[in-house]
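Structure below is model-v9.txt: compact mmCIF, C-alpha atoms.
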# COMPACT_ATOMS: atom_id res chain seq x y z
CA MET A 18 -44.29 37.08 4.54
CA ASN A 19 -47.91 37.47 5.50
CA GLU A 20 -49.42 37.40 8.96
CA LYS A 21 -51.08 34.03 8.49
CA PHE A 22 -47.79 32.37 7.57
CA ASN A 23 -45.87 34.01 10.40
CA ALA A 24 -48.18 32.34 12.89
CA TYR A 25 -47.32 28.85 11.65
CA ALA A 26 -44.73 26.85 13.53
CA ARG A 27 -42.43 26.73 10.51
CA PRO A 28 -43.35 29.65 8.29
CA GLU A 29 -40.35 29.04 6.05
CA ALA A 30 -42.15 25.98 4.67
CA ILE A 31 -44.99 27.86 3.01
CA VAL A 32 -45.16 30.59 0.37
CA ASP A 33 -48.02 32.31 -1.39
CA THR A 34 -48.65 32.73 -5.09
CA GLU A 35 -47.44 36.32 -5.02
CA TRP A 36 -44.09 35.23 -3.61
CA LEU A 37 -43.88 32.56 -6.27
CA SER A 38 -44.63 35.03 -9.05
CA GLN A 39 -41.77 37.22 -7.80
CA ASN A 40 -39.33 34.31 -7.59
CA LEU A 41 -39.78 32.63 -10.96
CA GLU A 42 -36.20 33.46 -11.89
CA ASN A 43 -34.74 32.77 -8.46
CA PRO A 44 -31.74 30.45 -9.06
CA ASP A 45 -31.89 29.12 -5.53
CA ILE A 46 -35.27 27.49 -5.94
CA ARG A 47 -36.75 24.78 -8.10
CA ILE A 48 -40.48 24.97 -8.69
CA ILE A 49 -42.03 21.50 -8.76
CA GLU A 50 -45.54 20.60 -9.92
CA SER A 51 -47.05 17.30 -8.72
CA ASN A 52 -50.59 16.34 -9.66
CA GLU A 53 -53.20 13.66 -9.62
CA ASP A 54 -54.10 14.52 -13.23
CA VAL A 55 -51.20 12.89 -15.04
CA LEU A 56 -51.40 15.16 -18.10
CA LEU A 57 -52.21 18.42 -16.35
CA TYR A 58 -48.64 19.74 -16.24
CA ASP A 59 -48.43 19.42 -20.02
CA THR A 60 -51.49 21.61 -20.50
CA GLY A 61 -49.67 24.52 -18.86
CA HIS A 62 -47.67 25.14 -15.70
CA VAL A 63 -45.92 27.83 -13.71
CA PRO A 64 -43.01 29.10 -15.81
CA GLY A 65 -39.84 27.24 -14.94
CA ALA A 66 -41.63 24.47 -13.06
CA VAL A 67 -40.50 20.89 -13.48
CA HIS A 68 -42.87 17.95 -13.27
CA ILE A 69 -42.39 15.32 -10.59
CA ASP A 70 -44.88 12.52 -11.16
CA TRP A 71 -45.62 10.59 -7.99
CA ARG A 72 -45.71 7.27 -9.80
CA ARG A 73 -43.04 7.70 -12.45
CA ASP A 74 -40.48 9.56 -10.36
CA LEU A 75 -41.08 8.56 -6.77
CA GLN A 76 -42.31 4.97 -6.80
CA ASP A 77 -40.71 1.65 -7.56
CA ASP A 78 -43.58 -0.50 -8.76
CA ASP A 79 -41.49 -3.66 -8.74
CA ILE A 80 -41.50 -3.73 -4.95
CA ARG A 81 -44.33 -1.27 -4.16
CA ASP A 82 -42.00 1.10 -2.41
CA TYR A 83 -40.35 4.42 -3.01
CA VAL A 84 -37.35 4.74 -5.24
CA ASN A 85 -34.04 4.02 -3.60
CA PRO A 86 -31.52 6.74 -2.68
CA VAL A 87 -29.56 6.26 -5.91
CA GLN A 88 -32.70 6.74 -8.01
CA PHE A 89 -33.76 9.73 -5.94
CA ALA A 90 -30.38 11.40 -6.37
CA ALA A 91 -30.52 10.78 -10.12
CA MET A 92 -34.03 12.26 -10.34
CA CYS A 93 -32.91 15.36 -8.46
CA SER A 94 -29.80 15.68 -10.57
CA ARG A 95 -31.63 15.61 -13.89
CA ASN A 96 -34.04 18.26 -12.62
CA GLY A 97 -31.20 20.53 -11.57
CA ILE A 98 -31.81 20.01 -7.87
CA SER A 99 -28.92 19.94 -5.43
CA PRO A 100 -29.18 19.44 -1.65
CA GLU A 101 -29.07 23.23 -1.32
CA THR A 102 -31.95 23.83 -3.72
CA ILE A 103 -35.15 25.14 -2.15
CA CYS A 104 -37.85 22.90 -3.62
CA VAL A 105 -41.15 24.75 -3.94
CA PHE A 106 -44.03 22.33 -4.50
CA TYR A 107 -47.50 23.02 -5.89
CA GLY A 108 -50.17 20.95 -7.58
CA ASP A 109 -53.81 20.09 -8.15
CA LYS A 110 -56.35 18.63 -5.72
CA SER A 111 -55.63 21.09 -2.91
CA ASN A 112 -51.94 20.16 -2.96
CA TRP A 113 -52.44 16.49 -2.08
CA TRP A 114 -49.77 15.30 -4.45
CA SER A 115 -47.42 18.19 -3.88
CA CYS A 116 -47.54 17.44 -0.14
CA TYR A 117 -46.94 13.80 -1.03
CA ALA A 118 -43.91 14.74 -3.15
CA LEU A 119 -42.65 17.05 -0.42
CA TRP A 120 -42.98 14.23 2.11
CA ALA A 121 -41.10 11.90 -0.24
CA PHE A 122 -38.31 14.46 -0.58
CA ARG A 123 -38.16 14.61 3.20
CA LEU A 124 -37.87 10.82 3.25
CA PHE A 125 -34.53 11.28 1.54
CA GLY A 126 -33.46 14.00 3.92
CA HIS A 127 -34.03 16.99 1.62
CA THR A 128 -34.80 19.70 4.14
CA LYS A 129 -35.32 22.80 1.98
CA VAL A 130 -38.94 22.30 1.04
CA ARG A 131 -41.89 24.64 0.67
CA ILE A 132 -45.53 24.43 -0.37
CA VAL A 133 -47.39 27.06 -2.39
CA ASP A 134 -50.50 27.89 -0.38
CA GLY A 135 -53.54 27.22 -2.57
CA GLY A 136 -51.54 25.27 -5.10
CA ARG A 137 -52.26 25.19 -8.77
CA ALA A 138 -55.92 26.13 -8.42
CA LYS A 139 -55.09 29.44 -6.77
CA TRP A 140 -52.39 30.28 -9.30
CA ILE A 141 -54.83 29.65 -12.14
CA ALA A 142 -57.72 31.44 -10.41
CA GLU A 143 -55.55 34.53 -10.13
CA ASN A 144 -54.89 34.43 -13.87
CA ARG A 145 -51.17 34.21 -13.33
CA LEU A 146 -48.79 33.28 -16.08
CA ILE A 147 -48.65 29.69 -17.29
CA THR A 148 -46.62 28.15 -20.06
CA ARG A 149 -46.21 24.89 -21.94
CA ASP A 150 -42.48 25.39 -22.31
CA ILE A 151 -40.60 22.56 -20.66
CA PRO A 152 -37.62 24.01 -18.81
CA LYS A 153 -34.17 22.49 -19.13
CA TYR A 154 -31.74 22.85 -16.26
CA PRO A 155 -28.11 21.81 -16.10
CA SER A 156 -27.64 18.63 -14.13
CA ALA A 157 -26.90 19.27 -10.51
CA GLU A 158 -24.74 17.26 -8.20
CA TYR A 159 -26.87 15.42 -5.70
CA PRO A 160 -24.93 13.02 -3.47
CA VAL A 161 -26.71 9.74 -2.87
CA PRO A 162 -28.50 10.07 0.49
CA GLU A 163 -27.11 7.71 3.08
CA LYS A 164 -30.53 6.40 3.93
CA ARG A 165 -34.24 6.96 3.62
CA LEU A 166 -35.92 8.32 6.73
CA ASP A 167 -38.41 5.46 6.89
CA ASP A 168 -38.03 5.19 10.66
CA GLU A 169 -38.60 8.87 11.26
CA ILE A 170 -41.55 9.98 9.16
CA ARG A 171 -42.98 6.81 7.67
CA ALA A 172 -45.01 4.00 9.22
CA PHE A 173 -45.42 0.46 7.93
CA SER A 174 -48.37 -1.82 8.61
CA LYS A 175 -46.74 -3.79 11.44
CA GLU A 176 -45.72 -0.59 13.17
CA THR A 177 -49.18 0.79 12.68
CA LEU A 178 -50.72 -2.33 14.21
CA THR A 179 -48.41 -2.05 17.23
CA HIS A 180 -49.23 1.64 17.45
CA ALA A 181 -52.97 0.95 17.34
CA GLU A 182 -52.76 -1.82 19.92
CA ALA A 183 -50.91 0.56 22.24
CA GLY A 184 -53.73 3.06 21.91
CA LYS A 185 -51.49 5.75 20.47
CA PRO A 186 -52.91 8.55 18.30
CA LEU A 187 -53.94 7.35 14.89
CA VAL A 188 -55.71 9.71 12.51
CA ASP A 189 -57.77 8.53 9.55
CA VAL A 190 -57.98 11.49 7.16
CA ARG A 191 -60.35 9.91 4.65
CA SER A 192 -63.95 10.93 4.22
CA PRO A 193 -66.51 9.97 6.89
CA GLY A 194 -68.06 7.42 4.52
CA GLU A 195 -64.77 5.65 4.04
CA PHE A 196 -64.05 5.72 7.76
CA CYS A 197 -67.40 4.18 8.64
CA GLY A 198 -67.03 1.51 5.98
CA GLU A 199 -70.03 2.64 3.94
CA ILE A 200 -67.80 3.08 0.92
CA THR A 201 -64.35 1.70 0.05
CA HIS A 202 -63.22 4.54 -2.17
CA MET A 203 -63.11 8.32 -2.13
CA PRO A 204 -66.43 10.03 -2.80
CA ASP A 205 -66.68 10.73 -6.53
CA TYR A 206 -63.91 8.26 -7.31
CA PRO A 207 -64.14 4.68 -8.59
CA GLN A 208 -63.55 1.64 -6.46
CA GLU A 209 -59.91 0.68 -6.71
CA GLY A 210 -59.75 -2.79 -5.36
CA VAL A 211 -60.11 -2.65 -1.58
CA LEU A 212 -61.94 -5.66 -0.23
CA ARG A 213 -63.12 -4.26 3.10
CA GLY A 214 -64.49 -0.97 4.32
CA GLY A 215 -63.87 0.54 7.73
CA HIS A 216 -60.89 1.86 9.64
CA ILE A 217 -57.93 0.75 11.72
CA PRO A 218 -59.12 0.03 15.28
CA GLY A 219 -58.68 3.05 17.50
CA ALA A 220 -58.26 5.52 14.68
CA LYS A 221 -60.04 8.84 14.92
CA SER A 222 -61.67 10.37 11.90
CA LYS A 223 -60.51 13.78 10.81
CA PRO A 224 -60.84 14.28 7.05
CA TRP A 225 -57.91 16.09 5.43
CA SER A 226 -60.28 18.77 4.16
CA THR A 227 -60.73 20.00 7.70
CA ALA A 228 -57.38 21.72 7.29
CA ALA A 229 -58.18 23.45 4.00
CA ASN A 230 -60.24 26.40 2.89
CA GLU A 231 -62.51 26.34 -0.16
CA ASP A 232 -59.78 27.90 -2.29
CA ALA A 233 -57.34 25.10 -1.37
CA THR A 234 -55.30 27.30 0.98
CA PHE A 235 -54.46 26.08 4.45
CA LYS A 236 -56.48 27.28 7.41
CA SER A 237 -54.91 29.56 9.98
CA ARG A 238 -52.83 28.14 12.81
CA LYS A 239 -55.53 29.06 15.30
CA LEU A 240 -58.17 27.07 13.44
CA LEU A 241 -55.80 24.16 12.89
CA GLU A 242 -54.98 24.02 16.59
CA GLU A 243 -58.68 23.96 17.39
CA VAL A 244 -59.16 21.01 15.04
CA TYR A 245 -56.16 18.87 15.85
CA THR A 246 -54.94 19.88 19.31
CA GLU A 247 -58.11 20.90 21.10
CA ASN A 248 -60.83 18.81 19.46
CA LEU A 249 -58.88 15.74 18.38
CA GLY A 250 -56.60 15.82 21.40
CA LEU A 251 -53.32 15.34 19.57
CA GLN A 252 -50.19 16.39 21.42
CA PRO A 253 -47.39 18.30 19.68
CA GLU A 254 -44.79 15.97 21.20
CA GLY A 255 -46.92 12.86 20.80
CA ASP A 256 -46.27 9.88 18.55
CA THR A 257 -48.90 10.24 15.81
CA ILE A 258 -49.59 8.21 12.67
CA VAL A 259 -51.80 9.49 9.84
CA TYR A 260 -53.21 7.44 6.98
CA CYS A 261 -55.74 7.59 4.17
CA ARG A 262 -56.16 5.41 1.06
CA ILE A 263 -52.70 5.45 -0.53
CA GLY A 264 -50.92 8.13 1.45
CA GLU A 265 -51.63 11.25 -0.55
CA ARG A 266 -54.36 12.85 1.57
CA SER A 267 -52.48 11.88 4.72
CA SER A 268 -49.39 13.63 3.33
CA HIS A 269 -51.48 16.80 3.37
CA THR A 270 -52.31 16.25 7.04
CA TRP A 271 -48.72 15.23 7.78
CA PHE A 272 -47.58 18.57 6.35
CA VAL A 273 -50.14 20.44 8.42
CA LEU A 274 -49.17 18.74 11.67
CA THR A 275 -45.43 18.81 11.05
CA TYR A 276 -44.85 22.21 9.47
CA LEU A 277 -47.85 24.36 10.24
CA LEU A 278 -48.40 23.18 13.82
CA GLY A 279 -44.86 22.07 14.60
CA TYR A 280 -45.63 18.55 15.82
CA SER A 281 -42.36 16.74 16.29
CA ASN A 282 -43.21 13.09 15.71
CA VAL A 283 -45.74 12.47 12.96
CA ARG A 284 -45.45 9.52 10.60
CA ASN A 285 -47.35 8.85 7.40
CA TYR A 286 -48.59 5.31 6.88
CA ASP A 287 -48.40 5.39 3.11
CA GLY A 288 -49.56 1.81 2.65
CA SER A 289 -52.80 3.14 4.12
CA TRP A 290 -56.20 1.60 3.57
CA THR A 291 -55.39 -0.11 0.26
CA GLU A 292 -52.87 -2.20 2.18
CA TRP A 293 -54.63 -2.52 5.52
CA GLY A 294 -58.08 -3.21 4.12
CA ASN A 295 -56.74 -6.08 2.04
CA THR A 296 -54.32 -7.56 4.56
CA VAL A 297 -55.19 -11.00 5.87
CA ARG A 298 -55.90 -10.95 9.62
CA ALA A 299 -55.54 -7.18 9.92
CA PRO A 300 -58.28 -6.11 12.35
CA ILE A 301 -60.70 -3.38 11.38
CA GLU A 302 -63.58 -1.48 12.90
CA LYS A 303 -66.69 -0.19 11.19
CA GLY A 304 -69.01 2.65 12.03
CA ASP A 305 -68.33 5.90 13.84
CA MET B 11 -69.91 0.06 -41.05
CA PRO B 12 -67.87 -2.26 -38.88
CA ASN B 13 -67.87 -5.75 -40.24
CA GLY B 14 -65.19 -8.26 -39.49
CA ASN B 15 -62.21 -8.17 -37.23
CA GLY B 16 -59.53 -5.71 -36.17
CA LYS B 17 -59.64 -2.19 -37.51
CA ASP B 18 -62.61 -3.02 -39.73
CA ASN B 19 -64.70 -2.81 -36.57
CA TYR B 20 -64.20 0.92 -36.36
CA PRO B 21 -65.87 3.73 -38.27
CA GLN B 22 -63.56 5.30 -40.84
CA ARG B 23 -62.85 8.49 -38.89
CA LEU B 24 -62.05 6.61 -35.71
CA ARG B 25 -59.88 4.18 -37.63
CA GLU B 26 -57.82 7.05 -38.99
CA ILE B 27 -57.27 8.39 -35.50
CA ILE B 28 -56.25 4.97 -34.21
CA GLU B 29 -53.80 4.53 -37.07
CA PHE B 30 -52.35 7.96 -36.36
CA PHE B 31 -51.71 7.13 -32.72
CA GLU B 32 -50.75 3.49 -33.17
CA TYR B 33 -47.02 3.84 -33.76
CA LEU B 34 -46.36 7.06 -31.93
CA PRO B 35 -43.88 6.85 -29.06
CA GLU B 36 -45.34 7.48 -25.62
CA ASP B 37 -44.22 11.11 -25.42
CA GLU B 38 -45.73 11.96 -28.80
CA LYS B 39 -48.95 10.22 -27.82
CA ARG B 40 -49.10 12.53 -24.83
CA GLU B 41 -48.42 15.61 -26.94
CA ASN B 42 -51.28 14.70 -29.24
CA LEU B 43 -53.56 13.87 -26.34
CA ILE B 44 -52.93 17.36 -25.00
CA ALA B 45 -53.75 18.80 -28.42
CA TYR B 46 -57.02 16.88 -28.47
CA SER B 47 -57.82 17.93 -24.91
CA ASP B 48 -57.52 21.55 -26.05
CA ASN B 49 -60.41 20.86 -28.41
CA ALA B 50 -62.71 19.32 -25.84
CA ALA B 51 -64.59 22.57 -25.23
CA LYS B 52 -65.46 22.72 -28.93
CA GLN B 53 -67.61 19.62 -28.52
CA GLU B 54 -70.24 21.47 -26.48
CA PRO B 55 -73.75 21.98 -27.90
CA ARG B 56 -74.13 24.92 -30.24
CA GLU B 57 -76.80 27.51 -29.67
CA GLY B 58 -80.15 26.39 -31.07
CA GLU B 59 -79.25 22.72 -31.45
CA VAL B 60 -81.99 20.29 -30.48
CA PHE B 61 -81.21 16.74 -29.41
CA ASP B 62 -83.06 13.44 -29.29
CA LEU B 63 -81.52 12.57 -25.94
CA GLU B 64 -79.60 14.38 -23.24
CA ASP B 65 -77.79 12.67 -20.36
CA VAL B 66 -76.05 14.94 -17.85
CA ARG B 67 -74.73 13.37 -14.69
CA LYS B 68 -71.83 12.94 -12.27
CA ASP B 69 -70.48 9.41 -11.93
CA GLU B 70 -67.83 8.02 -9.62
CA GLU B 71 -65.68 7.15 -12.61
CA CYS B 72 -65.14 10.80 -13.44
CA THR B 73 -64.11 13.75 -11.29
CA ASP B 74 -66.86 16.07 -12.48
CA THR B 75 -70.17 16.19 -14.33
CA VAL B 76 -70.26 15.04 -17.94
CA GLY B 77 -73.19 15.79 -20.25
CA VAL B 78 -73.75 13.69 -23.36
CA PHE B 79 -76.15 15.00 -26.02
CA LEU B 80 -77.22 12.86 -28.96
CA LYS B 81 -79.05 13.74 -32.15
CA ILE B 82 -79.67 11.18 -34.86
CA GLU B 83 -79.61 12.94 -38.18
CA ASP B 84 -80.90 11.83 -41.53
CA GLY B 85 -79.18 8.71 -42.71
CA ASN B 86 -79.14 7.35 -39.14
CA ARG B 87 -75.99 9.35 -38.41
CA SER B 88 -75.12 10.20 -34.82
CA LEU B 89 -74.21 13.70 -33.76
CA PHE B 90 -72.65 13.92 -30.31
CA ARG B 91 -72.10 17.01 -28.23
CA ILE B 92 -70.44 16.74 -24.83
CA THR B 93 -70.13 19.11 -21.90
CA LEU B 94 -67.41 18.66 -19.28
CA GLY B 95 -67.31 20.10 -15.79
CA PRO B 96 -64.24 22.17 -14.85
CA HIS B 97 -62.69 19.39 -12.79
CA VAL B 98 -62.76 16.76 -15.52
CA GLN B 99 -59.20 15.55 -15.99
CA THR B 100 -57.08 16.07 -19.07
CA LEU B 101 -57.18 12.48 -20.31
CA THR B 102 -60.97 12.44 -20.26
CA ARG B 103 -60.99 15.76 -22.12
CA ALA B 104 -58.72 14.27 -24.75
CA MET B 105 -60.87 11.15 -25.13
CA THR B 106 -63.94 13.34 -25.48
CA ALA B 107 -62.50 15.22 -28.45
CA ILE B 108 -61.14 12.03 -30.00
CA LEU B 109 -64.41 10.16 -29.71
CA CYS B 110 -66.53 13.03 -30.99
CA ALA B 111 -64.22 13.31 -34.00
CA GLY B 112 -64.17 9.57 -34.49
CA LEU B 113 -67.79 8.65 -33.91
CA ASN B 114 -69.83 11.56 -35.22
CA GLY B 115 -71.53 10.35 -38.35
CA ALA B 116 -71.62 6.68 -37.36
CA SER B 117 -74.93 4.97 -36.70
CA PRO B 118 -75.93 4.22 -33.10
CA GLU B 119 -75.97 0.52 -33.96
CA THR B 120 -72.37 0.75 -35.15
CA ILE B 121 -71.26 2.63 -32.06
CA LEU B 122 -72.77 -0.01 -29.79
CA LYS B 123 -70.72 -2.70 -31.50
CA ILE B 124 -67.38 -0.92 -31.36
CA PRO B 125 -64.95 -2.87 -29.20
CA GLN B 126 -63.12 -0.76 -26.65
CA ASP B 127 -59.74 -2.33 -27.33
CA PHE B 128 -58.65 0.67 -29.38
CA VAL B 129 -58.36 2.88 -26.30
CA PRO B 130 -54.96 1.52 -25.15
CA THR B 131 -53.67 1.98 -28.70
CA ILE B 132 -54.51 5.65 -28.52
CA VAL B 133 -53.56 6.59 -24.97
CA GLY B 134 -50.70 4.15 -24.44
CA GLY B 135 -50.20 1.36 -21.97
CA GLU B 136 -48.86 3.50 -19.15
CA LEU B 137 -51.87 5.77 -18.99
CA VAL B 138 -54.25 2.82 -19.19
CA ARG B 139 -52.43 1.25 -16.26
CA ILE B 140 -52.66 4.44 -14.24
CA ARG B 141 -56.15 5.42 -15.26
CA SER B 142 -57.70 2.09 -16.20
CA GLN B 143 -61.15 2.94 -14.92
CA THR B 144 -61.43 6.35 -16.50
CA VAL B 145 -60.00 6.01 -20.01
CA TYR B 146 -63.09 4.09 -21.10
CA TYR B 147 -65.55 6.38 -19.36
CA VAL B 148 -66.63 8.69 -22.19
CA LEU B 149 -66.93 5.81 -24.66
CA GLY B 150 -69.15 4.04 -22.16
CA ARG B 151 -71.35 7.11 -21.83
CA MET B 152 -71.65 7.46 -25.61
CA LYS B 153 -72.53 3.81 -26.00
CA GLY B 154 -74.99 4.13 -23.15
CA ILE B 155 -76.94 6.96 -24.73
CA CYS B 156 -77.00 5.09 -28.07
CA LYS B 157 -78.46 2.06 -26.32
CA VAL B 158 -81.18 4.15 -24.71
CA TYR B 159 -81.92 5.77 -28.04
CA LEU B 160 -82.27 2.44 -29.82
CA THR B 161 -84.42 1.00 -27.04
CA ARG B 162 -86.78 3.95 -27.19
CA ARG B 163 -86.88 3.93 -30.96
CA GLU B 164 -87.75 0.24 -30.99
CA SER B 165 -90.54 0.85 -28.51
CA GLY B 166 -91.90 3.62 -30.70
CA LYS B 167 -91.07 6.45 -28.32
CA LEU B 168 -88.72 8.03 -30.85
CA SER B 169 -89.30 8.43 -34.57
CA LYS B 170 -87.04 6.62 -37.00
CA PRO B 171 -84.59 8.85 -38.87
CA LYS B 172 -85.14 9.44 -42.56
CA PRO B 173 -82.86 7.69 -45.00
CA GLU B 174 -79.91 9.87 -45.97
CA HIS B 175 -81.25 10.90 -49.37
CA ALA B 176 -84.96 10.92 -48.60
Kindly return the structure encoded in the file as structure tokens.
Amino acid sequence: MNEKFNAYARPEAIVDTEWLSQNLENPDIRIIESNEDVLLYDTGHVPGAVHIDWRRDLQDDDIRDYVNPVQFAAMCSRNGISPETICVFYGDKSNWWSCYALWAFRLFGHTKVRIVDGGRAKWIAENRLITRDIPKYPSAEYPVPEKRLDDEIRAFSKETLTHAEAGKPLVDVRSPGEFCGEITHMPDYPQEGVLRGGHIPGAKSKPWSTAANEDATFKSRKLLEEVYTENLGLQPEGDTIVYCRIGERSSHTWFVLTYLLGYSNVRNYDGSWTEWGNTVRAPIEKGD
Amino acid sequence: MPNGNGKDNYPQRLREIIEFFEYLPEDEKRENLIAYSDNAAKQEPREGEVFDLEDVRKDEECTDTVGVFLKIEDGNRSLFRITLGPHVQTLTRAMTAILCAGLNGASPETILKIPQDFVPTIVGGELVRIRSQTVYYVLGRMKGICKVYLTRRESGKLSKPKPEHA
């Protein structure tokens, strides 16, 4: 394990590409790719990696929620994942979606989770092996989780409103333009149906990218503490909610705060701005 | 030439591609989209090629810069070349190769009239639902450069192409 990882609060939750390359045949792990680009996995992936699509595998569109515990257990089972399997996530877009998938796995109580520092981009940049072979694993036994940890690591809009009204820490990880209300979508992305621009009252702006280096790796613990603890004033034991547009960028920040800095009580408001910005009577603020 | 309804609205090459994709199950559509995306880089301009119009820009609808190059050859036939930035997503790469294969050789007037309802037939309903604003992007860019070409030609800023057998 390298020096940078050892400094993190929970170094077991992060691996580098070299570790991954040496563990491709490790029977105790399952490598999982999760992307924004829905076809990217099919163009080539880390050998042995399975594809978990955040929409197809993790969401129930009928009720705009995550899959239920029965569906989650079935998805794990068909990918050869048992509760003892170490799930190693990587993906495109600086690991947004792999952090999102990891967070969703945590929702169902799966504790053995890791992120590949630098994600897919770093693996490719290092000219490491990729394949189009789709792996087949024997079904694993995955008992249906007793519950989803919605109360522990997830926030809903009503809870977020209560949280904001109480003046508790609320971090908006979108771009400054989205926070101010100048734009209602990510820079370089199309508008996706949000009626209002701005942010939840009381939220502080700290774009997700603050935590990442140019090569998509995470910044060192020292730099992360400067950003979140010293400058933003977040407390490791504090009750913090993070949000973005649909919960993917805030999953990245949730991972940083929870695993790299060891904050004990961080929740992801996955409804995020697409819900809040469109909700009747939900208060917003504009500007800095 | 497109004249009439349904598949008659599409140039022959594009029609063949649509018919190929039309009855494929979703997983086979994806396999073929990947195969087309592999060919996207082959649509870039060749050394020494000269174009009537070039349009290189980054739009919000796409994750990276896309360059569209148009040359109208004798017989009023369009020749498209397209460059894609490294962050352009796989589906857009696939549509680029499909549209270059399907529209090269058609007249700019024909391309402008092509309805975009063939796109869901090719990529499948699920991908359209997920990527509704991007699956039409390259077609829109190709139509856009044709429109500019025709506008300039009508105003005399571009010379008319020779008939095919002149």
Shell of 10 Å around Thr60 (chain A), only C-alpha atoms, local chain residues under 6 positions omitted, as an MDAnalysis selection string: (chainID A and resid 147:150) or (chainID B and resid 41 43:45 47:48 100)
Taking only C-alpha atoms into account, which residues of chain A are within 8 Å of chain B, as a PyMOL selection string? chain A and resi 54-57+59-60+204-207
Could you work out how far CA of Ala172 (chain A) lies from CA of Ser99 (chain A), giving the answer in Å with one decimal?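 Computed distance, CA of Ser99 (chain A) to CA of Ala172 (chain A), equals 27.0 Å.
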Interatomic distance, CA of Pro28 (chain A) to CA of Lys236 (chain A) (Å, one decimal):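 Calculated distance between CA of Pro28 (chain A) and CA of Lys236 (chain A) is 13.4 Å.
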List the neighbours of Lys52 (chain B) out to 12 Å using all atoms listed in the file; skip same-chain residues closer than 5 positions along the sequence, and give me the result as an MDAnalysis selection string. chainID B and resid 46:47 90:94 103:104 106:108 110:111
Distance in Å - CA of Val130 (chain A) versus CA of Glu176 (chain A): 26.8 Å
Return the single residue from A:Ala157, A:Ala66, A:Leu249, A:Ala299 that is closest to Lys175 (chain A), with distances computed using all atoms listed in the file.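 Closest to Lys175 (chain A) of all the choices is A:Ala299.
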Best match for closeness to Arg298 (chain A) among A:Ala233, A:Met203, A:Leu241, A:Leu178, counting all atoms listed in the file: A:Leu178
Find, counting all atoms listed in the file, the residue in B:Glu83, B:Thr75, B:Val66, B:Gln22 that gets nearest to Lys172 (chain B). B:Glu83
Counting only C-alpha atoms, which residues of region 116-150 of chain B fall within 8 Å of region 156-171 of chain B, and what is the closest atom pair for each with its distance in Å at one decimal, ordered by chain and rising number, as JSON lines?
{"residue": "B:Pro118", "atom": "CA", "partner": "B:Cys156", "partner_atom": "CA", "distance": 5.2}
{"residue": "B:Glu119", "atom": "CA", "partner": "B:Cys156", "partner_atom": "CA", "distance": 7.5}
{"residue": "B:Ile121", "atom": "CA", "partner": "B:Cys156", "partner_atom": "CA", "distance": 7.4}
{"residue": "B:Leu122", "atom": "CA", "partner": "B:Cys156", "partner_atom": "CA", "distance": 6.8}
Residues within 8 Å of Val145 (chain B), please, as a VMD selection string. Count all atoms listed in the file; anything in the same chain fewer than 6 positions from it doesn't count. chain B and resid 101 to 102 105 129 138
Go through B:Leu89, B:Ala51, B:Leu34, B:Leu113 one by one, measure the shortest atom-to-atom distance of each to Pro21 (chain B) using only C-alpha atoms, and give the residue with the smallest value. B:Leu113
Take the point (-59.2, -0.2, -29.0) in the file's coordinates, draw a sphere of radius 10 Å around it, and report as a CSV table (one decimal) with C-alpha atoms, in the coordinates of the input every protein, DNA or RNA residue with an atom inside or on it, counting only C-alpha atoms.
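Below is the file part01.csv, written as the result:
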chain,number,residue,atom,x,y,z
B,16,GLY,CA,-59.5,-5.7,-36.2
B,17,LYS,CA,-59.6,-2.2,-37.5
B,19,ASN,CA,-64.7,-2.8,-36.6
B,20,TYR,CA,-64.2,0.9,-36.4
B,24,LEU,CA,-62.0,6.6,-35.7
B,25,ARG,CA,-59.9,4.2,-37.6
B,28,ILE,CA,-56.2,5.0,-34.2
B,124,ILE,CA,-67.4,-0.9,-31.4
B,125,PRO,CA,-65.0,-2.9,-29.2
B,126,GLN,CA,-63.1,-0.8,-26.6
B,127,ASP,CA,-59.7,-2.3,-27.3
B,128,PHE,CA,-58.6,0.7,-29.4
B,129,VAL,CA,-58.4,2.9,-26.3
B,130,PRO,CA,-55.0,1.5,-25.2
B,131,THR,CA,-53.7,2.0,-28.7
B,132,ILE,CA,-54.5,5.6,-28.5
B,133,VAL,CA,-53.6,6.6,-25.0
B,146,TYR,CA,-63.1,4.1,-21.1
Let me make sure I understand: among B:Asn49, B:Lys123, B:Gly95, B:Lys39, which one has the smallest atom-to-atom distance to Arg67 (chain B) if we use all atoms listed in the file? B:Gly95
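The shortest atom-to-atom distance to Pro86 (chain A), with only C-alpha atoms taken into account, belongs to A:Lys164 out of A:Lys164, A:Arg266, A:Lys303, A:His68.
The residue set within 12 Å of Leu240 (chain A), counting all atoms listed in the file and dropping same-chain residues fewer than 2 places from it, reads Lys21, Ala24, Tyr25, Thr227, Ala228, Ala229, Asn230, Phe235, Lys236, Ser237, Arg238, Glu242, Glu243, Val244, Tyr245, Thr246, Glu247, Asn248, Val273, Leu277 and Leu278 of chain A.
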Can you tell me, as a list of chain:residue names, what residues are no more than 9 Å from Leu187 (chain A) when counting only C-alpha atoms, ignoring any on the same chain fewer than 2 positions away?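 Contacts, with the query itself left out: A:Thr177, A:His180, A:Ala181, A:Gly184, A:Lys185, A:Asp189, A:Ile217, A:Pro218, A:Gly219, A:Ala220, A:Lys221, A:Ser222, A:Asp256, A:Thr257, A:Ile258, A:Val259, A:Tyr260.
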